file query.cif (mmCIF, C-alpha atoms)
data_upload
loop_
_atom_site.label_atom_id
_atom_site.label_comp_id
_atom_site.auth_asym_id
_atom_site.auth_seq_id
_atom_site.Cartn_x
_atom_site.Cartn_y
_atom_site.Cartn_z
CA MET A 107 8.41 -21.62 -23.90
CA LYS A 108 4.65 -22.22 -23.97
CA ASP A 109 2.28 -19.87 -22.12
CA ASP A 110 1.28 -22.54 -19.60
CA GLU A 111 4.94 -23.10 -18.64
CA LEU A 112 5.51 -19.47 -17.61
CA ASP A 113 5.72 -18.52 -13.99
CA PHE A 114 6.28 -14.97 -12.79
CA TRP A 115 10.09 -15.08 -12.95
CA SER A 116 10.27 -16.76 -16.34
CA PHE A 117 7.73 -14.20 -17.58
CA VAL A 118 9.96 -11.37 -16.28
CA ASP A 119 12.91 -12.89 -18.16
CA LEU A 120 10.81 -13.28 -21.30
CA ALA A 121 9.51 -9.72 -21.03
CA GLY A 122 13.01 -8.29 -20.68
CA GLU A 123 14.27 -10.30 -23.62
CA ARG A 124 11.39 -9.49 -25.95
CA LEU A 125 11.21 -5.82 -24.97
CA ALA A 126 14.92 -5.38 -25.68
CA GLU A 127 15.33 -7.56 -28.75
CA GLU A 128 12.01 -7.15 -30.55
CA PHE A 129 10.92 -3.68 -29.52
CA GLY A 130 14.18 -1.87 -28.79
CA PHE A 131 13.63 -1.08 -25.09
CA PRO A 132 17.14 -1.65 -23.69
CA HIS A 133 16.66 -1.06 -19.95
CA ARG A 134 15.93 -4.62 -18.84
CA LEU A 135 17.06 -4.04 -15.27
CA ALA A 136 14.67 -1.09 -14.82
CA THR A 137 11.78 -3.20 -16.09
CA ARG A 138 12.76 -6.11 -13.83
CA LEU A 139 13.09 -3.79 -10.82
CA LEU A 140 9.62 -2.27 -11.24
CA LEU A 141 7.93 -5.59 -12.07
CA THR A 142 9.51 -7.13 -8.96
CA LEU A 143 8.62 -4.14 -6.77
CA ASN A 144 5.00 -4.19 -7.93
CA ARG A 145 4.78 -7.96 -7.51
CA ALA A 146 6.18 -7.84 -3.97
CA SER A 147 3.78 -5.06 -3.03
CA ALA A 148 0.81 -6.92 -4.49
CA ILE A 149 1.70 -10.18 -2.73
CA VAL A 150 2.17 -8.55 0.68
CA THR A 151 -0.96 -6.41 0.33
CA TYR A 152 -3.08 -9.39 -0.72
CA ASP A 153 -1.71 -11.47 2.13
CA LEU A 154 -2.46 -8.79 4.73
CA GLU A 155 -5.93 -8.18 3.33
CA SER A 156 -6.86 -11.86 3.10
CA THR A 157 -5.40 -13.01 6.44
CA VAL A 158 -5.92 -9.96 8.65
CA HIS A 159 -8.50 -7.54 7.29
CA ARG A 160 -11.18 -9.45 5.39
CA PRO A 161 -11.67 -11.96 8.23
CA ARG A 162 -12.41 -8.95 10.44
CA GLY A 163 -14.86 -7.47 7.93
CA HIS A 164 -12.60 -4.79 6.44
CA SER A 165 -10.74 -4.14 3.22
CA TRP A 166 -7.12 -3.07 2.82
CA ALA A 167 -8.33 0.41 1.82
CA GLY A 168 -10.61 0.61 4.86
CA PHE A 169 -7.73 -0.39 7.11
CA ARG A 170 -5.49 2.30 5.62
CA LEU A 171 -8.06 5.01 6.35
CA LEU A 172 -8.70 3.71 9.87
CA PHE A 173 -4.94 3.43 10.48
CA VAL A 174 -4.08 7.03 9.58
CA THR A 175 -7.09 8.35 11.47
CA TRP A 176 -6.21 6.20 14.49
CA LEU A 177 -2.60 7.35 14.64
CA ALA A 178 -2.73 10.92 13.26
CA GLY A 179 -5.91 11.87 15.11
CA PRO A 180 -8.95 13.67 13.76
CA LEU A 181 -8.31 14.65 10.14
CA GLU A 182 -9.92 16.43 7.25
CA PRO A 183 -10.63 13.95 4.44
CA GLY A 184 -8.05 15.55 2.14
CA ARG A 185 -5.30 15.16 4.71
CA ALA A 186 -6.39 11.57 5.40
CA ALA A 187 -6.23 10.88 1.64
CA THR A 188 -2.68 12.21 1.43
CA LEU A 189 -1.46 10.20 4.41
CA ALA A 190 -3.18 7.00 3.26
CA GLY A 191 -2.08 7.39 -0.38
CA MET A 192 -5.67 7.44 -1.58
CA SER A 193 -7.87 9.73 -3.62
CA ARG A 194 -10.26 12.08 -1.85
CA ALA A 195 -13.16 10.30 -3.53
CA ALA A 196 -12.00 6.95 -2.11
CA VAL A 197 -11.73 8.45 1.37
CA SER A 198 -15.19 9.96 1.07
CA ASN A 199 -16.73 6.63 0.02
CA LEU A 200 -14.86 4.63 2.66
CA ALA A 201 -15.76 7.14 5.36
CA LYS A 202 -19.46 6.67 4.60
CA THR A 203 -19.12 2.93 5.10
CA LEU A 204 -17.00 3.27 8.25
CA VAL A 205 -19.44 5.81 9.74
CA ALA A 206 -22.34 3.44 9.01
CA ASP A 207 -20.35 0.62 10.68
CA GLY A 208 -19.86 2.73 13.81
CA MET A 209 -16.08 2.86 13.42
CA MET A 210 -15.76 6.53 12.49
CA THR A 211 -17.56 9.84 12.86
CA ARG A 212 -17.83 12.82 10.54
CA THR A 213 -18.22 16.14 12.32
CA PRO A 214 -18.39 19.65 10.87
CA GLY A 215 -14.99 21.28 10.49
CA GLU A 216 -14.14 24.71 11.82
CA ARG A 217 -12.62 26.04 8.58
CA ASP A 218 -15.86 26.59 6.67
CA GLY A 219 -19.39 25.24 6.37
CA ARG A 220 -18.40 22.46 3.99
CA SER A 221 -15.36 21.01 5.76
CA VAL A 222 -15.60 17.88 7.87
CA ILE A 223 -13.36 16.10 10.32
CA LEU A 224 -13.00 12.32 10.42
CA SER A 225 -12.43 10.71 13.82
CA LEU A 226 -12.51 7.20 15.19
CA THR A 227 -15.26 6.25 17.59
CA GLU A 228 -14.45 4.33 20.76
CA ARG A 229 -15.51 1.21 18.87
CA GLY A 230 -13.13 2.15 16.06
CA ARG A 231 -10.21 2.70 18.44
CA ALA A 232 -10.81 -0.63 20.19
CA ALA A 233 -11.11 -2.39 16.83
CA MET A 234 -7.86 -0.85 15.58
CA LEU A 235 -5.96 -2.21 18.58
CA GLU A 236 -7.20 -5.71 17.75
CA ILE A 237 -6.80 -5.32 13.98
CA PHE A 238 -3.30 -3.92 14.25
CA ALA A 239 -2.21 -6.71 16.59
CA GLY A 240 -2.96 -9.13 13.73
CA GLN A 241 -1.37 -6.83 11.16
CA HIS A 242 1.75 -6.33 13.27
CA GLU A 243 2.28 -10.05 13.76
CA ARG A 244 1.99 -10.60 10.00
CA GLU A 245 4.40 -7.70 9.35
CA ARG A 246 6.88 -9.29 11.76
CA ARG A 247 6.66 -12.59 9.93
CA TRP A 248 7.16 -10.96 6.52
CA ALA A 249 10.08 -8.87 7.76
CA GLY A 250 11.60 -11.97 9.38
CA ALA A 251 12.67 -13.17 5.93
CA LEU A 252 15.38 -10.49 6.15
CA THR A 253 17.95 -9.73 8.81
CA GLU A 254 17.56 -6.44 10.66
CA THR A 255 20.41 -4.99 8.59
CA GLU A 256 18.74 -6.14 5.36
CA GLN A 257 15.46 -4.59 6.50
CA GLN A 258 17.21 -1.27 7.12
CA MET A 259 18.98 -1.49 3.74
CA LEU A 260 15.72 -2.20 1.92
CA ILE A 261 14.03 0.74 3.64
CA MET A 262 16.98 2.95 2.69
CA LEU A 263 16.85 1.80 -0.94
CA LEU A 264 13.07 2.23 -1.19
CA ASP A 265 13.37 5.70 0.37
CA LYS A 266 16.01 6.55 -2.24
CA LEU A 267 13.78 5.27 -5.03
CA ILE A 268 10.84 7.30 -3.72
CA GLU A 269 12.96 10.45 -3.34
CA GLY A 270 14.19 9.98 -6.91
CA ARG A 271 10.71 10.83 -8.15
CA HIS A 272 11.61 14.51 -7.86
CA ARG A 273 13.94 14.17 -10.86
CA PHE A 274 11.02 13.83 -13.26
CA ASP A 275 7.31 14.55 -13.50
CA VAL A 276 5.72 11.97 -11.19
CA ARG A 277 2.00 11.95 -10.60
CA GLU A 278 0.92 11.09 -7.09
CA ARG A 279 -2.32 10.84 -5.20
CA SER A 280 -2.73 13.72 -2.84
#

call {"tool": "encode", "arguments": {"input": "query.cif", "output": "structure tokens"}}
result
Amino acid sequence: MKDDELDFWSFVDLAGERLAEEFGFPHRLATRLLLTLNRASAIVTYDLESTVHRPRGHSWAGFRLLFVTWLAGPLEPGRAATLAGMSRAAVSNLAKTLVADGMMTRTPGERDGRSVILSLTERGRAAMLEIFAGQHERERRWAGALTETEQQMLIMLLDKLIEGRHRFDVRERS
């Protein structure tokens, strides 16, 4: 098959075949699972960012920080990073932008002289209601491809996959 004839699924088949036969990596199903999981995540994330967040002047990363701050309340940047699945450096950089945009505030923390607390402003809270309305409708449409039972099964399987990380040395953002 020529390169220009490959689509994602034929590439996945080709990868599994070549990895097993030419390079001796026998676990085709594991490779297919992770390629498919990453592809699904990338497609959904790009769709949400391009249809919901960018038109409203935000990035996916900015939404994630606003979302955890909106729902979990005022947070230290490290805690926000853990909840949003981001690095502390990313949270720090995003917070600067969101503070400048009037969506978030940084106030001194009580723990020590260096700690800060991130909070949404009234403008940020109002924006999150509008932003999440668009996000939620898109989530509903994506989830609608599956029955409610299938949605619950997928969540259960993804939870099991995530919990399985404890069996080996997994690096995570925290």

call {"tool": "resolve_selection", "arguments": {"input": "query.cif", "expression": "the PyMOL selection byres ((chain A and resi 138) around 12)", "output": "count of residues only"}}
result
25

call {"tool": "atom_distance", "arguments": {"input": "query.cif", "atom1": "atom CA of A:Trp248", "atom2": "atom CA of A:His164"}}
result
20.7 Å

call {"tool": "resolve_selection", "arguments": {"input": "query.cif", "expression": "the PyMOL selection byres ((chain A and resi 200-202) around 10)", "output": "list of chain:residue names"}}
result
A:Ser165, A:Ala167, A:Gly168, A:Phe169, A:Leu171, A:Leu172, A:Pro183, A:Arg194, A:Ala195, A:Ala196, A:Val197, A:Ser198, A:Asn199, A:Thr203, A:Leu204, A:Val205, A:Ala206, A:Asp207, A:Met209, A:Met210, A:Thr211, A:Arg212, A:Leu224, A:Ser225

call {"tool": "write_last_selection", "arguments": {"input": "query.cif", "atoms": "C-alpha atoms", "output": "CSV table (one decimal), in the frame of the given file"}}
result
chain,number,residue,atom,x,y,z
A,165,SER,CA,-10.7,-4.1,3.2
A,167,ALA,CA,-8.3,0.4,1.8
A,168,GLY,CA,-10.6,0.6,4.9
A,169,PHE,CA,-7.7,-0.4,7.1
A,171,LEU,CA,-8.1,5.0,6.4
A,172,LEU,CA,-8.7,3.7,9.9
A,183,PRO,CA,-10.6,14.0,4.4
A,194,ARG,CA,-10.3,12.1,-1.8
A,195,ALA,CA,-13.2,10.3,-3.5
A,196,ALA,CA,-12.0,7.0,-2.1
A,197,VAL,CA,-11.7,8.4,1.4
A,198,SER,CA,-15.2,10.0,1.1
A,199,ASN,CA,-16.7,6.6,0.0
A,203,THR,CA,-19.1,2.9,5.1
A,204,LEU,CA,-17.0,3.3,8.2
A,205,VAL,CA,-19.4,5.8,9.7
A,206,ALA,CA,-22.3,3.4,9.0
A,207,ASP,CA,-20.4,0.6,10.7
A,209,MET,CA,-16.1,2.9,13.4
A,210,MET,CA,-15.8,6.5,12.5
A,211,THR,CA,-17.6,9.8,12.9
A,212,ARG,CA,-17.8,12.8,10.5
A,224,LEU,CA,-13.0,12.3,10.4
A,225,SER,CA,-12.4,10.7,13.8

call {"tool": "residues_around", "arguments": {"input": "query.cif", "residues": "A:Asp153", "least_positions_apart": "3", "cutoff": "12 Å", "atoms": "only C-alpha atoms", "output": "compact mmCIF listing (two decimals) with C-alpha atoms, keeping the file's coordinate frame"}}
result
# COMPACT_ATOMS: atom_id res chain seq x y z
CA ALA A 146 6.18 -7.84 -3.97
CA SER A 147 3.78 -5.06 -3.03
CA ALA A 148 0.81 -6.92 -4.49
CA ILE A 149 1.70 -10.18 -2.73
CA VAL A 150 2.17 -8.55 0.68
CA SER A 156 -6.86 -11.86 3.10
CA THR A 157 -5.40 -13.01 6.44
CA VAL A 158 -5.92 -9.96 8.65
CA HIS A 159 -8.50 -7.54 7.29
CA ARG A 160 -11.18 -9.45 5.39
CA PRO A 161 -11.67 -11.96 8.23
CA SER A 165 -10.74 -4.14 3.22
CA TRP A 166 -7.12 -3.07 2.82
CA GLY A 240 -2.96 -9.13 13.73
CA GLN A 241 -1.37 -6.83 11.16
CA ARG A 244 1.99 -10.60 10.00
CA GLU A 245 4.40 -7.70 9.35
CA ARG A 247 6.66 -12.59 9.93
CA TRP A 248 7.16 -10.96 6.52

call {"tool": "atom_distance", "arguments": {"input": "query.cif", "atom1": "atom CA of A:Pro180", "atom2": "atom CA of A:Phe238"}}
result
18.5 Å

call {"tool": "residues_around", "arguments": {"input": "query.cif", "residues": "A:Arg229", "least_positions_apart": "2", "cutoff": "7 Å", "atoms": "only C-alpha atoms", "output": "PyMOL selection string"}}
result
chain A and resi 208-209+227+231-233

call {"tool": "atom_distance", "arguments": {"input": "query.cif", "atom1": "atom CA of A:Leu112", "atom2": "atom CA of A:Tyr152"}}
result
21.5 Å

call {"tool": "resolve_selection", "arguments": {"input": "query.cif", "expression": "the PyMOL selection byres ((chain A and resi 188) around 12)", "output": "list in words"}}
result
Arg170, Leu171, Val174, Thr175, Ala178, Leu181, Glu182, Pro183, Gly184, Arg185, Ala186, Ala187, Leu189, Ala190, Gly191, Met192, Ser193, Arg194, Ala195, Ala196, Val197, Glu278, Arg279 and Ser280 of chain A

call {"tool": "write_last_selection", "arguments": {"input": "query.cif", "atoms": "C-alpha atoms", "output": "PDB file, keeping the file's coordinate frame"}}
result
ATOM      1  CA  ARG A 170      -5.490   2.300   5.620  1.00  0.00           C
ATOM      2  CA  LEU A 171      -8.060   5.010   6.350  1.00  0.00           C
ATOM      3  CA  VAL A 174      -4.080   7.030   9.580  1.00  0.00           C
ATOM      4  CA  THR A 175      -7.090   8.350  11.470  1.00  0.00           C
ATOM      5  CA  ALA A 178      -2.730  10.920  13.260  1.00  0.00           C
ATOM      6  CA  LEU A 181      -8.310  14.650  10.140  1.00  0.00           C
ATOM      7  CA  GLU A 182      -9.920  16.430   7.250  1.00  0.00           C
ATOM      8  CA  PRO A 183     -10.630  13.950   4.440  1.00  0.00           C
ATOM      9  CA  GLY A 184      -8.050  15.550   2.140  1.00  0.00           C
ATOM     10  CA  ARG A 185      -5.300  15.160   4.710  1.00  0.00           C
ATOM     11  CA  ALA A 186      -6.390  11.570   5.400  1.00  0.00           C
ATOM     12  CA  ALA A 187      -6.230  10.880   1.640  1.00  0.00           C
ATOM     13  CA  LEU A 189      -1.460  10.200   4.410  1.00  0.00           C
ATOM     14  CA  ALA A 190      -3.180   7.000   3.260  1.00  0.00           C
ATOM     15  CA  GLY A 191      -2.080   7.390  -0.380  1.00  0.00           C
ATOM     16  CA  MET A 192      -5.670   7.440  -1.580  1.00  0.00           C
ATOM     17  CA  SER A 193      -7.870   9.730  -3.620  1.00  0.00           C
ATOM     18  CA  ARG A 194     -10.260  12.080  -1.850  1.00  0.00           C
ATOM     19  CA  ALA A 195     -13.160  10.300  -3.530  1.00  0.00           C
ATOM     20  CA  ALA A 196     -12.000   6.950  -2.110  1.00  0.00           C
ATOM     21  CA  VAL A 197     -11.730   8.450   1.370  1.00  0.00           C
ATOM     22  CA  GLU A 278       0.920  11.090  -7.090  1.00  0.00           C
ATOM     23  CA  ARG A 279      -2.320  10.840  -5.200  1.00  0.00           C
ATOM     24  CA  SER A 280      -2.730  13.720  -2.840  1.00  0.00           C
TER      25      SER A 280
END

call {"tool": "build_atoms", "arguments": {"input": "query.cif", "residues": "stretch 246-257 of chain A", "atoms": "all heavy atoms", "output": "PDB file, keeping the file's coordinate frame"}}
result
ATOM      1  N   ARG A 246       5.695  -8.708  11.144  1.00  0.00           N
ATOM      2  CA  ARG A 246       6.880  -9.290  11.760  1.00  0.00           C
ATOM      3  C   ARG A 246       7.305 -10.549  11.020  1.00  0.00           C
ATOM      4  O   ARG A 246       8.491 -10.757  10.749  1.00  0.00           O
ATOM      5  CB  ARG A 246       6.616  -9.600  13.231  1.00  0.00           C
ATOM      6  CG  ARG A 246       7.851 -10.098  13.983  1.00  0.00           C
ATOM      7  CD  ARG A 246       7.496 -10.704  15.339  1.00  0.00           C
ATOM      8  NE  ARG A 246       6.638 -11.886  15.238  1.00  0.00           N
ATOM      9  CZ  ARG A 246       7.049 -13.108  14.842  1.00  0.00           C
ATOM     10  NH1 ARG A 246       8.295 -13.311  14.500  1.00  0.00           N
ATOM     11  NH2 ARG A 246       6.194 -14.119  14.798  1.00  0.00           N
ATOM     12  N   ARG A 247       6.341 -11.358  10.643  1.00  0.00           N
ATOM     13  CA  ARG A 247       6.660 -12.590   9.930  1.00  0.00           C
ATOM     14  C   ARG A 247       7.222 -12.308   8.543  1.00  0.00           C
ATOM     15  O   ARG A 247       8.181 -12.946   8.112  1.00  0.00           O
ATOM     16  CB  ARG A 247       5.430 -13.489   9.866  1.00  0.00           C
ATOM     17  CG  ARG A 247       5.059 -14.006  11.270  1.00  0.00           C
ATOM     18  CD  ARG A 247       3.835 -14.848  11.287  1.00  0.00           C
ATOM     19  NE  ARG A 247       4.131 -16.139  10.672  1.00  0.00           N
ATOM     20  CZ  ARG A 247       3.220 -17.021  10.336  1.00  0.00           C
ATOM     21  NH1 ARG A 247       1.937 -16.758  10.551  1.00  0.00           N
ATOM     22  NH2 ARG A 247       3.550 -18.175   9.787  1.00  0.00           N
ATOM     23  N   TRP A 248       6.636 -11.344   7.834  1.00  0.00           N
ATOM     24  CA  TRP A 248       7.160 -10.960   6.520  1.00  0.00           C
ATOM     25  C   TRP A 248       8.584 -10.418   6.663  1.00  0.00           C
ATOM     26  O   TRP A 248       9.486 -10.818   5.941  1.00  0.00           O
ATOM     27  CB  TRP A 248       6.273  -9.911   5.857  1.00  0.00           C
ATOM     28  CG  TRP A 248       5.162 -10.502   5.054  1.00  0.00           C
ATOM     29  CD1 TRP A 248       3.852 -10.598   5.404  1.00  0.00           C
ATOM     30  CD2 TRP A 248       5.271 -11.088   3.750  1.00  0.00           C
ATOM     31  NE1 TRP A 248       3.135 -11.211   4.400  1.00  0.00           N
ATOM     32  CE2 TRP A 248       3.985 -11.512   3.374  1.00  0.00           C
ATOM     33  CE3 TRP A 248       6.317 -11.279   2.867  1.00  0.00           C
ATOM     34  CZ2 TRP A 248       3.717 -12.121   2.147  1.00  0.00           C
ATOM     35  CZ3 TRP A 248       6.061 -11.886   1.643  1.00  0.00           C
ATOM     36  CH2 TRP A 248       4.776 -12.308   1.301  1.00  0.00           C
ATOM     37  N   ALA A 249       8.776  -9.495   7.583  1.00  0.00           N
ATOM     38  CA  ALA A 249      10.080  -8.870   7.760  1.00  0.00           C
ATOM     39  C   ALA A 249      11.121  -9.883   8.219  1.00  0.00           C
ATOM     40  O   ALA A 249      12.316  -9.723   7.938  1.00  0.00           O
ATOM     41  CB  ALA A 249       9.981  -7.714   8.760  1.00  0.00           C
ATOM     42  N   GLY A 250      10.693 -10.954   8.884  1.00  0.00           N
ATOM     43  CA  GLY A 250      11.600 -11.970   9.380  1.00  0.00           C
ATOM     44  C   GLY A 250      12.353 -12.713   8.282  1.00  0.00           C
ATOM     45  O   GLY A 250      13.324 -13.424   8.571  1.00  0.00           O
ATOM     46  N   ALA A 251      11.931 -12.567   7.042  1.00  0.00           N
ATOM     47  CA  ALA A 251      12.670 -13.170   5.930  1.00  0.00           C
ATOM     48  C   ALA A 251      14.016 -12.468   5.720  1.00  0.00           C
ATOM     49  O   ALA A 251      14.893 -12.997   5.035  1.00  0.00           O
ATOM     50  CB  ALA A 251      11.844 -13.112   4.648  1.00  0.00           C
ATOM     51  N   LEU A 252      14.150 -11.280   6.285  1.00  0.00           N
ATOM     52  CA  LEU A 252      15.380 -10.490   6.150  1.00  0.00           C
ATOM     53  C   LEU A 252      15.996 -10.267   7.519  1.00  0.00           C
ATOM     54  O   LEU A 252      15.288 -10.189   8.524  1.00  0.00           O
ATOM     55  CB  LEU A 252      15.055  -9.114   5.534  1.00  0.00           C
ATOM     56  CG  LEU A 252      14.339  -9.096   4.188  1.00  0.00           C
ATOM     57  CD1 LEU A 252      13.953  -7.673   3.825  1.00  0.00           C
ATOM     58  CD2 LEU A 252      15.201  -9.720   3.109  1.00  0.00           C
ATOM     59  N   THR A 253      17.298 -10.110   7.553  1.00  0.00           N
ATOM     60  CA  THR A 253      17.950  -9.730   8.810  1.00  0.00           C
ATOM     61  C   THR A 253      17.576  -8.277   9.103  1.00  0.00           C
ATOM     62  O   THR A 253      17.079  -7.554   8.230  1.00  0.00           O
ATOM     63  CB  THR A 253      19.482  -9.822   8.699  1.00  0.00           C
ATOM     64  OG1 THR A 253      19.947  -8.845   7.764  1.00  0.00           O
ATOM     65  CG2 THR A 253      19.935 -11.226   8.299  1.00  0.00           C
ATOM     66  N   GLU A 254      17.845  -7.831  10.320  1.00  0.00           N
ATOM     67  CA  GLU A 254      17.560  -6.440  10.660  1.00  0.00           C
ATOM     68  C   GLU A 254      18.351  -5.484   9.760  1.00  0.00           C
ATOM     69  O   GLU A 254      17.818  -4.474   9.299  1.00  0.00           O
ATOM     70  CB  GLU A 254      17.880  -6.176  12.128  1.00  0.00           C
ATOM     71  CG  GLU A 254      17.426  -4.798  12.583  1.00  0.00           C
ATOM     72  CD  GLU A 254      17.587  -4.598  14.071  1.00  0.00           C
ATOM     73  OE1 GLU A 254      17.184  -5.487  14.847  1.00  0.00           O
ATOM     74  OE2 GLU A 254      18.111  -3.530  14.440  1.00  0.00           O
ATOM     75  N   THR A 255      19.592  -5.820   9.484  1.00  0.00           N
ATOM     76  CA  THR A 255      20.410  -4.990   8.590  1.00  0.00           C
ATOM     77  C   THR A 255      19.819  -4.951   7.188  1.00  0.00           C
ATOM     78  O   THR A 255      19.741  -3.885   6.564  1.00  0.00           O
ATOM     79  CB  THR A 255      21.867  -5.510   8.547  1.00  0.00           C
ATOM     80  OG1 THR A 255      22.397  -5.447   9.871  1.00  0.00           O
ATOM     81  CG2 THR A 255      22.724  -4.693   7.601  1.00  0.00           C
ATOM     82  N   GLU A 256      19.363  -6.099   6.684  1.00  0.00           N
ATOM     83  CA  GLU A 256      18.740  -6.140   5.360  1.00  0.00           C
ATOM     84  C   GLU A 256      17.450  -5.323   5.337  1.00  0.00           C
ATOM     85  O   GLU A 256      17.157  -4.635   4.351  1.00  0.00           O
ATOM     86  CB  GLU A 256      18.461  -7.583   4.952  1.00  0.00           C
ATOM     87  CG  GLU A 256      19.713  -8.371   4.633  1.00  0.00           C
ATOM     88  CD  GLU A 256      19.458  -9.863   4.484  1.00  0.00           C
ATOM     89  OE1 GLU A 256      18.492 -10.399   5.099  1.00  0.00           O
ATOM     90  OE2 GLU A 256      20.240 -10.513   3.777  1.00  0.00           O
ATOM     91  N   GLN A 257      16.682  -5.391   6.420  1.00  0.00           N
ATOM     92  CA  GLN A 257      15.460  -4.590   6.500  1.00  0.00           C
ATOM     93  C   GLN A 257      15.798  -3.101   6.403  1.00  0.00           C
ATOM     94  O   GLN A 257      15.151  -2.358   5.670  1.00  0.00           O
ATOM     95  CB  GLN A 257      14.719  -4.866   7.805  1.00  0.00           C
ATOM     96  CG  GLN A 257      14.109  -6.252   7.894  1.00  0.00           C
ATOM     97  CD  GLN A 257      13.531  -6.522   9.260  1.00  0.00           C
ATOM     98  OE1 GLN A 257      12.895  -5.661   9.864  1.00  0.00           O
ATOM     99  NE2 GLN A 257      13.742  -7.736   9.768  1.00  0.00           N
TER     100      GLN A 257
END
